[in-house]
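The file protein26.cif comes next; it holds mmCIF, N, CA and C atoms.
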data_my_file
#
loop_
_atom_site.label_atom_id
_atom_site.label_comp_id
_atom_site.auth_asym_id
_atom_site.auth_seq_id
_atom_site.Cartn_x
_atom_site.Cartn_y
_atom_site.Cartn_z
N GLN A 1 131.84 -263.04 87.08
CA GLN A 1 133.25 -262.74 87.07
C GLN A 1 133.95 -263.68 86.11
N VAL A 2 134.90 -263.16 85.38
CA VAL A 2 135.61 -263.92 84.36
C VAL A 2 137.05 -264.11 84.80
N GLN A 3 137.53 -265.32 84.66
CA GLN A 3 138.95 -265.60 84.91
C GLN A 3 139.62 -265.98 83.59
N VAL A 4 140.79 -265.45 83.42
CA VAL A 4 141.57 -265.70 82.21
C VAL A 4 142.94 -266.22 82.63
N VAL A 5 143.31 -267.38 82.13
CA VAL A 5 144.59 -267.98 82.51
C VAL A 5 145.35 -268.40 81.26
N GLU A 6 146.55 -267.87 81.13
CA GLU A 6 147.42 -268.23 80.01
C GLU A 6 148.41 -269.31 80.43
N SER A 7 148.85 -270.06 79.45
CA SER A 7 149.90 -271.05 79.68
C SER A 7 150.60 -271.34 78.36
N GLY A 8 151.71 -272.05 78.46
CA GLY A 8 152.41 -272.47 77.25
C GLY A 8 153.67 -271.71 76.92
N GLY A 9 153.97 -270.69 77.69
CA GLY A 9 155.19 -269.95 77.43
C GLY A 9 156.42 -270.75 77.82
N GLY A 10 157.58 -270.20 77.47
CA GLY A 10 158.81 -270.88 77.82
C GLY A 10 159.98 -270.33 77.03
N LEU A 11 161.07 -271.06 77.08
CA LEU A 11 162.29 -270.69 76.37
C LEU A 11 162.41 -271.54 75.11
N VAL A 12 162.63 -270.89 73.99
CA VAL A 12 162.74 -271.60 72.72
C VAL A 12 163.83 -270.93 71.88
N GLN A 13 164.47 -271.72 71.04
CA GLN A 13 165.49 -271.17 70.15
C GLN A 13 164.84 -270.47 68.95
N ALA A 14 165.55 -269.53 68.39
CA ALA A 14 165.07 -268.85 67.20
C ALA A 14 164.74 -269.87 66.12
N GLY A 15 163.62 -269.65 65.45
CA GLY A 15 163.15 -270.59 64.45
C GLY A 15 162.20 -271.64 64.97
N GLY A 16 162.10 -271.72 66.28
CA GLY A 16 161.23 -272.72 66.89
C GLY A 16 159.78 -272.26 66.98
N SER A 17 158.98 -273.11 67.62
CA SER A 17 157.54 -272.85 67.73
C SER A 17 157.07 -273.02 69.17
N LEU A 18 156.01 -272.34 69.49
CA LEU A 18 155.33 -272.51 70.76
C LEU A 18 153.83 -272.35 70.52
N ARG A 19 153.04 -273.01 71.36
CA ARG A 19 151.60 -272.79 71.32
C ARG A 19 151.14 -272.33 72.69
N LEU A 20 150.57 -271.14 72.72
CA LEU A 20 150.03 -270.60 73.95
C LEU A 20 148.55 -270.94 74.05
N SER A 21 148.10 -271.12 75.28
CA SER A 21 146.69 -271.40 75.53
C SER A 21 146.11 -270.35 76.46
N CYS A 22 144.87 -270.03 76.24
CA CYS A 22 144.14 -269.07 77.08
C CYS A 22 142.81 -269.70 77.44
N VAL A 23 142.64 -270.02 78.71
CA VAL A 23 141.39 -270.60 79.18
C VAL A 23 140.55 -269.52 79.84
N VAL A 24 139.31 -269.40 79.39
CA VAL A 24 138.38 -268.42 79.95
C VAL A 24 137.35 -269.18 80.78
N SER A 25 137.26 -268.86 82.05
CA SER A 25 136.31 -269.54 82.92
C SER A 25 135.50 -268.50 83.68
N GLY A 26 134.57 -269.00 84.48
CA GLY A 26 133.69 -268.10 85.21
C GLY A 26 132.38 -267.96 84.47
N ARG A 27 131.80 -266.78 84.54
CA ARG A 27 130.50 -266.55 83.91
C ARG A 27 130.55 -265.31 83.04
N PRO A 28 131.20 -265.41 81.90
CA PRO A 28 131.18 -264.25 81.02
C PRO A 28 129.77 -264.00 80.50
N SER A 29 129.33 -262.77 80.57
CA SER A 29 127.99 -262.45 80.07
C SER A 29 127.90 -262.75 78.59
N SER A 30 128.96 -262.49 77.91
CA SER A 30 129.06 -262.83 76.50
C SER A 30 130.52 -262.65 76.10
N THR A 31 130.86 -263.20 74.98
CA THR A 31 132.23 -263.04 74.49
C THR A 31 132.16 -262.34 73.14
N ASN A 32 132.66 -261.14 73.12
CA ASN A 32 132.74 -260.43 71.84
C ASN A 32 134.00 -260.82 71.07
N ALA A 33 135.07 -260.99 71.83
CA ALA A 33 136.33 -261.36 71.20
C ALA A 33 137.32 -261.79 72.28
N VAL A 34 138.33 -262.50 71.85
CA VAL A 34 139.47 -262.81 72.71
C VAL A 34 140.72 -262.42 71.93
N ALA A 35 141.60 -261.74 72.60
CA ALA A 35 142.79 -261.24 71.93
C ALA A 35 144.05 -261.63 72.69
N TRP A 36 145.12 -261.75 71.95
CA TRP A 36 146.45 -261.92 72.54
C TRP A 36 147.21 -260.61 72.35
N TYR A 37 147.84 -260.19 73.42
CA TYR A 37 148.72 -259.04 73.40
C TYR A 37 150.10 -259.50 73.89
N ARG A 38 151.08 -258.67 73.66
CA ARG A 38 152.39 -258.95 74.22
C ARG A 38 153.07 -257.66 74.66
N GLN A 39 153.95 -257.79 75.61
CA GLN A 39 154.71 -256.65 76.09
C GLN A 39 156.18 -257.01 76.17
N PRO A 40 156.95 -256.57 75.19
CA PRO A 40 158.40 -256.83 75.22
C PRO A 40 159.05 -256.03 76.34
N PRO A 41 160.23 -256.43 76.76
CA PRO A 41 160.91 -255.71 77.85
C PRO A 41 161.10 -254.23 77.50
N GLY A 42 160.66 -253.36 78.39
CA GLY A 42 160.86 -251.93 78.20
C GLY A 42 159.96 -251.28 77.17
N LYS A 43 158.99 -252.03 76.66
CA LYS A 43 158.11 -251.48 75.63
C LYS A 43 156.66 -251.56 76.06
N GLU A 44 155.79 -250.94 75.29
CA GLU A 44 154.38 -250.95 75.60
C GLU A 44 153.73 -252.24 75.11
N ARG A 45 152.59 -252.52 75.69
CA ARG A 45 151.82 -253.68 75.28
C ARG A 45 151.25 -253.45 73.88
N GLU A 46 151.28 -254.50 73.06
CA GLU A 46 150.80 -254.39 71.69
C GLU A 46 149.93 -255.57 71.32
N LEU A 47 149.01 -255.34 70.41
CA LEU A 47 148.13 -256.40 69.95
C LEU A 47 148.90 -257.38 69.08
N VAL A 48 148.68 -258.66 69.33
CA VAL A 48 149.26 -259.72 68.51
C VAL A 48 148.21 -260.26 67.54
N ALA A 49 147.09 -260.70 68.10
CA ALA A 49 146.04 -261.30 67.28
C ALA A 49 144.74 -261.26 68.06
N ARG A 50 143.64 -261.33 67.31
CA ARG A 50 142.33 -261.25 67.93
C ARG A 50 141.38 -262.14 67.16
N ILE A 51 140.50 -262.84 67.89
CA ILE A 51 139.48 -263.65 67.25
C ILE A 51 138.13 -263.22 67.81
N SER A 52 137.21 -262.89 66.92
CA SER A 52 135.90 -262.40 67.33
C SER A 52 134.90 -263.54 67.48
N SER A 53 133.74 -263.22 68.00
CA SER A 53 132.73 -264.24 68.25
C SER A 53 132.25 -264.90 66.97
N ASP A 54 132.36 -264.20 65.86
CA ASP A 54 131.95 -264.80 64.59
C ASP A 54 133.07 -265.58 63.92
N GLY A 55 134.20 -265.66 64.60
CA GLY A 55 135.32 -266.43 64.08
C GLY A 55 136.30 -265.64 63.23
N SER A 56 135.99 -264.40 62.97
CA SER A 56 136.91 -263.59 62.17
C SER A 56 138.16 -263.28 62.99
N THR A 57 139.26 -263.13 62.31
CA THR A 57 140.54 -262.91 62.98
C THR A 57 141.25 -261.67 62.46
N ARG A 58 142.11 -261.16 63.29
CA ARG A 58 142.91 -260.00 62.92
C ARG A 58 144.29 -260.18 63.54
N TYR A 59 145.32 -259.77 62.79
CA TYR A 59 146.70 -259.94 63.25
C TYR A 59 147.47 -258.65 63.10
N ALA A 60 148.48 -258.50 63.94
CA ALA A 60 149.45 -257.45 63.72
C ALA A 60 150.23 -257.79 62.45
N ASP A 61 150.54 -256.80 61.68
CA ASP A 61 151.17 -257.04 60.38
C ASP A 61 152.45 -257.85 60.49
N SER A 62 153.22 -257.59 61.52
CA SER A 62 154.53 -258.24 61.64
C SER A 62 154.42 -259.70 62.04
N MET A 63 153.23 -260.16 62.39
CA MET A 63 153.08 -261.51 62.90
C MET A 63 152.10 -262.37 62.09
N LYS A 64 151.40 -261.76 61.16
CA LYS A 64 150.30 -262.49 60.51
C LYS A 64 150.78 -263.66 59.68
N ASP A 65 152.02 -263.67 59.26
CA ASP A 65 152.51 -264.80 58.46
C ASP A 65 153.12 -265.91 59.31
N ARG A 66 153.27 -265.65 60.62
CA ARG A 66 153.94 -266.63 61.47
C ARG A 66 153.06 -267.13 62.60
N PHE A 67 152.05 -266.35 62.98
CA PHE A 67 151.21 -266.70 64.12
C PHE A 67 149.80 -267.05 63.64
N LEU A 68 149.16 -267.94 64.39
CA LEU A 68 147.80 -268.34 64.07
C LEU A 68 146.97 -268.39 65.34
N ILE A 69 145.87 -267.67 65.37
CA ILE A 69 144.96 -267.71 66.51
C ILE A 69 143.79 -268.62 66.17
N SER A 70 143.39 -269.41 67.14
CA SER A 70 142.26 -270.32 66.94
C SER A 70 141.56 -270.53 68.27
N ARG A 71 140.43 -271.21 68.23
CA ARG A 71 139.69 -271.40 69.46
C ARG A 71 139.02 -272.77 69.47
N ASP A 72 138.77 -273.25 70.67
CA ASP A 72 138.00 -274.46 70.90
C ASP A 72 136.88 -274.06 71.85
N ASN A 73 135.68 -273.90 71.31
CA ASN A 73 134.57 -273.41 72.13
C ASN A 73 134.19 -274.40 73.24
N VAL A 74 134.34 -275.67 72.97
CA VAL A 74 134.00 -276.68 73.99
C VAL A 74 134.94 -276.56 75.18
N LYS A 75 136.21 -276.37 74.90
CA LYS A 75 137.19 -276.25 75.97
C LYS A 75 137.31 -274.82 76.49
N LYS A 76 136.59 -273.88 75.86
CA LYS A 76 136.67 -272.46 76.25
C LYS A 76 138.11 -271.99 76.25
N THR A 77 138.80 -272.37 75.22
CA THR A 77 140.23 -272.08 75.12
C THR A 77 140.53 -271.42 73.78
N VAL A 78 141.38 -270.42 73.83
CA VAL A 78 141.89 -269.78 72.63
C VAL A 78 143.39 -270.04 72.57
N TYR A 79 143.85 -270.41 71.38
CA TYR A 79 145.25 -270.76 71.20
C TYR A 79 145.96 -269.72 70.34
N LEU A 80 147.24 -269.62 70.58
CA LEU A 80 148.10 -268.81 69.71
C LEU A 80 149.28 -269.69 69.31
N GLN A 81 149.25 -270.13 68.07
CA GLN A 81 150.36 -270.92 67.53
C GLN A 81 151.39 -269.97 66.97
N MET A 82 152.60 -270.05 67.48
CA MET A 82 153.66 -269.15 67.05
C MET A 82 154.77 -269.95 66.39
N ASN A 83 155.04 -269.65 65.15
CA ASN A 83 156.06 -270.36 64.38
C ASN A 83 157.18 -269.40 63.97
N SER A 84 158.29 -269.98 63.59
CA SER A 84 159.44 -269.18 63.13
C SER A 84 159.75 -268.04 64.09
N LEU A 85 159.84 -268.39 65.36
CA LEU A 85 160.02 -267.36 66.38
C LEU A 85 161.38 -266.68 66.25
N LYS A 86 161.37 -265.40 66.59
CA LYS A 86 162.56 -264.57 66.51
C LYS A 86 162.87 -264.00 67.90
N PRO A 87 164.12 -263.62 68.14
CA PRO A 87 164.44 -263.03 69.44
C PRO A 87 163.56 -261.82 69.78
N GLU A 88 163.14 -261.08 68.78
CA GLU A 88 162.29 -259.92 69.04
C GLU A 88 160.86 -260.29 69.43
N ASP A 89 160.53 -261.57 69.37
CA ASP A 89 159.24 -262.02 69.87
C ASP A 89 159.25 -262.22 71.38
N THR A 90 160.42 -262.08 71.97
CA THR A 90 160.52 -262.22 73.43
C THR A 90 159.64 -261.17 74.11
N ALA A 91 158.76 -261.65 74.98
CA ALA A 91 157.80 -260.76 75.63
C ALA A 91 156.97 -261.56 76.62
N VAL A 92 156.23 -260.84 77.43
CA VAL A 92 155.16 -261.46 78.20
C VAL A 92 153.90 -261.39 77.34
N TYR A 93 153.27 -262.52 77.16
CA TYR A 93 152.08 -262.60 76.32
C TYR A 93 150.85 -262.67 77.22
N TYR A 94 149.90 -261.80 76.92
CA TYR A 94 148.68 -261.70 77.72
C TYR A 94 147.46 -262.04 76.88
N CYS A 95 146.50 -262.64 77.54
CA CYS A 95 145.21 -262.93 76.92
C CYS A 95 144.19 -261.95 77.47
N ASN A 96 143.33 -261.48 76.60
CA ASN A 96 142.31 -260.49 76.97
C ASN A 96 140.95 -260.96 76.49
N HIS A 97 140.04 -261.20 77.43
CA HIS A 97 138.66 -261.55 77.08
C HIS A 97 137.84 -260.27 77.02
N ILE A 98 137.15 -260.07 75.93
CA ILE A 98 136.35 -258.86 75.73
C ILE A 98 134.89 -259.25 75.72
N GLY A 99 134.18 -258.83 76.77
CA GLY A 99 132.78 -259.13 76.87
C GLY A 99 131.92 -257.89 76.66
N THR A 100 130.64 -258.08 76.86
CA THR A 100 129.71 -256.98 76.64
C THR A 100 129.94 -255.84 77.62
N TYR A 101 130.28 -256.18 78.86
CA TYR A 101 130.37 -255.17 79.91
C TYR A 101 131.79 -254.83 80.33
N GLY A 102 132.75 -255.37 79.64
CA GLY A 102 134.13 -255.05 79.99
C GLY A 102 135.07 -256.14 79.55
N SER A 103 136.33 -255.98 79.90
CA SER A 103 137.33 -256.95 79.50
C SER A 103 138.09 -257.46 80.73
N SER A 104 138.66 -258.64 80.58
CA SER A 104 139.44 -259.26 81.65
C SER A 104 140.77 -259.71 81.09
N TRP A 105 141.80 -259.53 81.90
CA TRP A 105 143.15 -259.89 81.51
C TRP A 105 143.67 -261.05 82.36
N GLY A 106 144.51 -261.84 81.74
CA GLY A 106 145.24 -262.84 82.49
C GLY A 106 146.52 -262.26 83.04
N GLN A 107 147.27 -263.11 83.74
CA GLN A 107 148.51 -262.66 84.36
C GLN A 107 149.69 -262.67 83.40
N GLY A 108 149.53 -263.32 82.29
CA GLY A 108 150.58 -263.35 81.28
C GLY A 108 151.44 -264.59 81.37
N THR A 109 152.07 -264.91 80.27
CA THR A 109 153.02 -266.02 80.21
C THR A 109 154.26 -265.55 79.46
N GLN A 110 155.42 -265.87 80.01
CA GLN A 110 156.67 -265.37 79.44
C GLN A 110 157.11 -266.24 78.27
N VAL A 111 157.45 -265.59 77.19
CA VAL A 111 158.05 -266.26 76.03
C VAL A 111 159.43 -265.64 75.81
N THR A 112 160.44 -266.49 75.80
CA THR A 112 161.80 -266.03 75.58
C THR A 112 162.38 -266.80 74.39
N VAL A 113 162.84 -266.06 73.41
CA VAL A 113 163.41 -266.66 72.21
C VAL A 113 164.90 -266.34 72.18
N SER A 114 165.71 -267.38 72.21
CA SER A 114 167.16 -267.18 72.21
C SER A 114 167.70 -267.23 70.79
N SER A 115 168.77 -266.49 70.58
CA SER A 115 169.35 -266.42 69.22
C SER A 115 170.40 -267.49 69.02
#

Represent the structure of the file as structure tokens.
Amino acid sequence: QVQVVESGGGLVQAGGSLRLSCVVSGRPSSTNAVAWYRQPPGKERELVARISSDGSTRYADSMKDRFLISRDNVKKTVYLQMNSLKPEDTAVYYCNHIGTYGSSWGQGTQVTVSS
């Protein structure tokens, strides 16, 4: 069973930065990728960034110049560094672990960007 726990959300002014953390624990059979998604108020969940087991990354077009996904394999943690935040970045941010036999989601962390 895999547990995914996000942290690092909060309230920040426009133009500010936040770093989200995603800790994956338990016994994942394997890790194909870890991804960050977000769900703005009243909207559907969308992909923010993804890092695969080989280290390759993928970003949503609107965020690739401001966000950076990285990982620390020793700490079993994936980070999302968010810079130049905008009010439209306000959302619940979720971490998704993608393994061989399925995926696991965390409970999410709220990010609120004030104008």

Can you build me a table of region 47-84 of chain A residues sitting at most 8 Å from region 7-19 of chain A, with the closest atom pair per residue and its distance in Å to one decimal, using only C-alpha atoms, sorted by chain and residue number, as a Markdown table?
| residue | atom | partner | partner_atom | distance |
| --- | --- | --- | --- | --- |
| A:Tyr79 | CA | A:Arg19 | CA | 6.7 |
| A:Leu80 | CA | A:Arg19 | CA | 5.5 |
| A:Gln81 | CA | A:Arg19 | CA | 4.4 |
| A:Met82 | CA | A:Leu18 | CA | 5.3 |
| A:Asn83 | CA | A:Ser17 | CA | 4.4 |
| A:Ser84 | CA | A:Gly15 | CA | 4.2 |

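Atom N of Gln107 (chain A) is found 10.7 Å from atom N of Tyr37 (chain A).
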
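Excluding Thr31 (chain A) and any residue on its chain fewer than 2 positions from it, the residues at most 9 Å away by only C-alpha atoms are Pro28, Ser29, Ala33, Val34, Ser52, Ser53, His97, Ile98, Gly99 and Thr100 of chain A.
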
*Take the PyMOL selection byres (((chain A and resi 39 and name CA) around 6) and name CA), apply it to the structure above, and return the hits as a PyMOL selection string.*
chain A and resi 38+40+44-45+91-92

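Note that the spacing between atom N of Arg58 (chain A) and atom N of Gln1 (chain A) amounts to 26.0 Å.
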
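Distances here use all atoms listed in the file; by that measure, the residue among A:Tyr59, A:Lys64, A:Lys86, A:Gly106 closest to Gln3 (chain A) is A:Gly106.
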
*Carefully work through the PyMOL selection byres (((chain A and resi 23-25 and name CA) around 8) and name CA) for this structure and note down the residues it includes, as an MDAnalysis selection string.*
chainID A and resid 2:6 21:22 26:28 75:78 97

If you keep N, CA and C atoms, can you produce a file of those selected residues as a PDB file, in the frame of the given file?
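Generated output (out.pdb):
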ATOM      1  N   VAL A   2     134.900-263.160  85.380  1.00  0.00           N
ATOM      2  CA  VAL A   2     135.610-263.920  84.360  1.00  0.00           C
ATOM      3  C   VAL A   2     137.050-264.110  84.800  1.00  0.00           C
ATOM      4  N   GLN A   3     137.530-265.320  84.660  1.00  0.00           N
ATOM      5  CA  GLN A   3     138.950-265.600  84.910  1.00  0.00           C
ATOM      6  C   GLN A   3     139.620-265.980  83.590  1.00  0.00           C
ATOM      7  N   VAL A   4     140.790-265.450  83.420  1.00  0.00           N
ATOM      8  CA  VAL A   4     141.570-265.700  82.210  1.00  0.00           C
ATOM      9  C   VAL A   4     142.940-266.220  82.630  1.00  0.00           C
ATOM     10  N   VAL A   5     143.310-267.380  82.130  1.00  0.00           N
ATOM     11  CA  VAL A   5     144.590-267.980  82.510  1.00  0.00           C
ATOM     12  C   VAL A   5     145.350-268.400  81.260  1.00  0.00           C
ATOM     13  N   GLU A   6     146.550-267.870  81.130  1.00  0.00           N
ATOM     14  CA  GLU A   6     147.420-268.230  80.010  1.00  0.00           C
ATOM     15  C   GLU A   6     148.410-269.310  80.430  1.00  0.00           C
ATOM     16  N   SER A  21     148.100-271.120  75.280  1.00  0.00           N
ATOM     17  CA  SER A  21     146.690-271.400  75.530  1.00  0.00           C
ATOM     18  C   SER A  21     146.110-270.350  76.460  1.00  0.00           C
ATOM     19  N   CYS A  22     144.870-270.030  76.240  1.00  0.00           N
ATOM     20  CA  CYS A  22     144.140-269.070  77.080  1.00  0.00           C
ATOM     21  C   CYS A  22     142.810-269.700  77.440  1.00  0.00           C
ATOM     22  N   GLY A  26     134.570-269.000  84.480  1.00  0.00           N
ATOM     23  CA  GLY A  26     133.690-268.100  85.210  1.00  0.00           C
ATOM     24  C   GLY A  26     132.380-267.960  84.470  1.00  0.00           C
ATOM     25  N   ARG A  27     131.800-266.780  84.540  1.00  0.00           N
ATOM     26  CA  ARG A  27     130.500-266.550  83.910  1.00  0.00           C
ATOM     27  C   ARG A  27     130.550-265.310  83.040  1.00  0.00           C
ATOM     28  N   PRO A  28     131.200-265.410  81.900  1.00  0.00           N
ATOM     29  CA  PRO A  28     131.180-264.250  81.020  1.00  0.00           C
ATOM     30  C   PRO A  28     129.770-264.000  80.500  1.00  0.00           C
ATOM     31  N   LYS A  75     136.210-276.370  74.900  1.00  0.00           N
ATOM     32  CA  LYS A  75     137.190-276.250  75.970  1.00  0.00           C
ATOM     33  C   LYS A  75     137.310-274.820  76.490  1.00  0.00           C
ATOM     34  N   LYS A  76     136.590-273.880  75.860  1.00  0.00           N
ATOM     35  CA  LYS A  76     136.670-272.460  76.250  1.00  0.00           C
ATOM     36  C   LYS A  76     138.110-271.990  76.250  1.00  0.00           C
ATOM     37  N   THR A  77     138.800-272.370  75.220  1.00  0.00           N
ATOM     38  CA  THR A  77     140.230-272.080  75.120  1.00  0.00           C
ATOM     39  C   THR A  77     140.530-271.420  73.780  1.00  0.00           C
ATOM     40  N   VAL A  78     141.380-270.420  73.830  1.00  0.00           N
ATOM     41  CA  VAL A  78     141.890-269.780  72.630  1.00  0.00           C
ATOM     42  C   VAL A  78     143.390-270.040  72.570  1.00  0.00           C
ATOM     43  N   HIS A  97     140.040-261.200  77.430  1.00  0.00           N
ATOM     44  CA  HIS A  97     138.660-261.550  77.080  1.00  0.00           C
ATOM     45  C   HIS A  97     137.840-260.270  77.020  1.00  0.00           C
TER      46      HIS A  97
END

*Identify, with DSSP run on backbone atoms, the residues in chain A assigned to strand (DSSP E), and express the list as number ranges by chain.*
A: 2-7, 10-13, 18-26, 33-39, 46-52, 57-59, 67-72, 77-82, 91-98, 103-105, 109-114

_Interatomic distance, atom N of Phe67 (chain A) to atom N of Val113 (chain A) (Å, one decimal)_ = 15.0 Å

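Nearest to Tyr101 (chain A) of all the residues A:Asn73, A:Asp89, A:Asp54, A:Ser30 is A:Ser30, counting only C-alpha atoms.
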
Can you tell me which residues surround Ala35 (chain A) at a distance of at most 6 Å, considering only C-alpha atoms, apart from same-chain residues fewer than 5 positions away, and format the answer as a short mmCIF file (atom, residue, chain, number, x, y, z; two decimals) with N, CA and C atoms, in the coordinates of the input?
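Okay, part_27.cif is ready:
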data_model
loop_
_atom_site.label_atom_id
_atom_site.label_comp_id
_atom_site.auth_asym_id
_atom_site.auth_seq_id
_atom_site.Cartn_x
_atom_site.Cartn_y
_atom_site.Cartn_z
N ALA A 49 147.09 -260.70 68.10
CA ALA A 49 146.04 -261.30 67.28
C ALA A 49 144.74 -261.26 68.06
N ARG A 50 143.64 -261.33 67.31
CA ARG A 50 142.33 -261.25 67.93
C ARG A 50 141.38 -262.14 67.16
N CYS A 95 146.50 -262.64 77.54
CA CYS A 95 145.21 -262.93 76.92
C CYS A 95 144.19 -261.95 77.47
N ASN A 96 143.33 -261.48 76.60
CA ASN A 96 142.31 -260.49 76.97
C ASN A 96 140.95 -260.96 76.49
#
